[in-house]
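J.: Provided herewith is a single structure, encoded as structure tokens, for subsequent inquiry.
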Amino acid sequence: MKNRLFTSLLALGLLACAVQERETVGEVELIDKAQFGEVISGDVLLVDVRTRPEYEKGFIEGAVNIDFKKSDFEKRMGHFDRE
């Protein structure tokens, strides 16, 4: 569960990178910055799982930072409504 969640969050983070064209890699659809902005403009929760120093170097406005390396990671992630 923890690995699947981390992989999902990592994939979401990677989608925010500067991808020039829309393409599909396996079951993951790569999107560009504008498309990512559209996807997260709705009712979504964006969780940034980087360490605090990494997060402070730059983040997406409205993102919640929960450090994946901290011992309370699973507990903090469990508080969110997954619906």
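Residue numbering restarts at 1 in every chain; chains get A, B, ... in the order shown in the structure tokens, and ligands count up from 1 in that same order.
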Show which residues sit within 6 Å of region 46-55 of chain A, as a list in words. Count only C-alpha atoms, and ignore same-chain residues fewer than 5 positions away.

T.: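 Skipping anything fewer than 5 positions along the chain leaves Ala63, Val64, Asn65, Ile66, Asp67 and Phe68 of chain A.
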
J.: Give me, please, the distance in Å between CA of Asp32 (chain A) and CA of Glu83 (chain A), quoted to one decimal.

T.: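 These two atoms are separated by 25.3 Å.
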
J.: Do you have the CA of Glu38 (chain A)-CA of Phe59 (chain A) distance handy?

T.: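 Interatomic distance, CA of Glu38 (chain A) to CA of Phe59 (chain A): 16.8 Å.
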
J.: Out of region 21-77 of chain A, which residues get helix (DSSP H, G or I) from DSSP, as a ChimeraX atom specification?

T.: /A:33-39,52-56,73-77
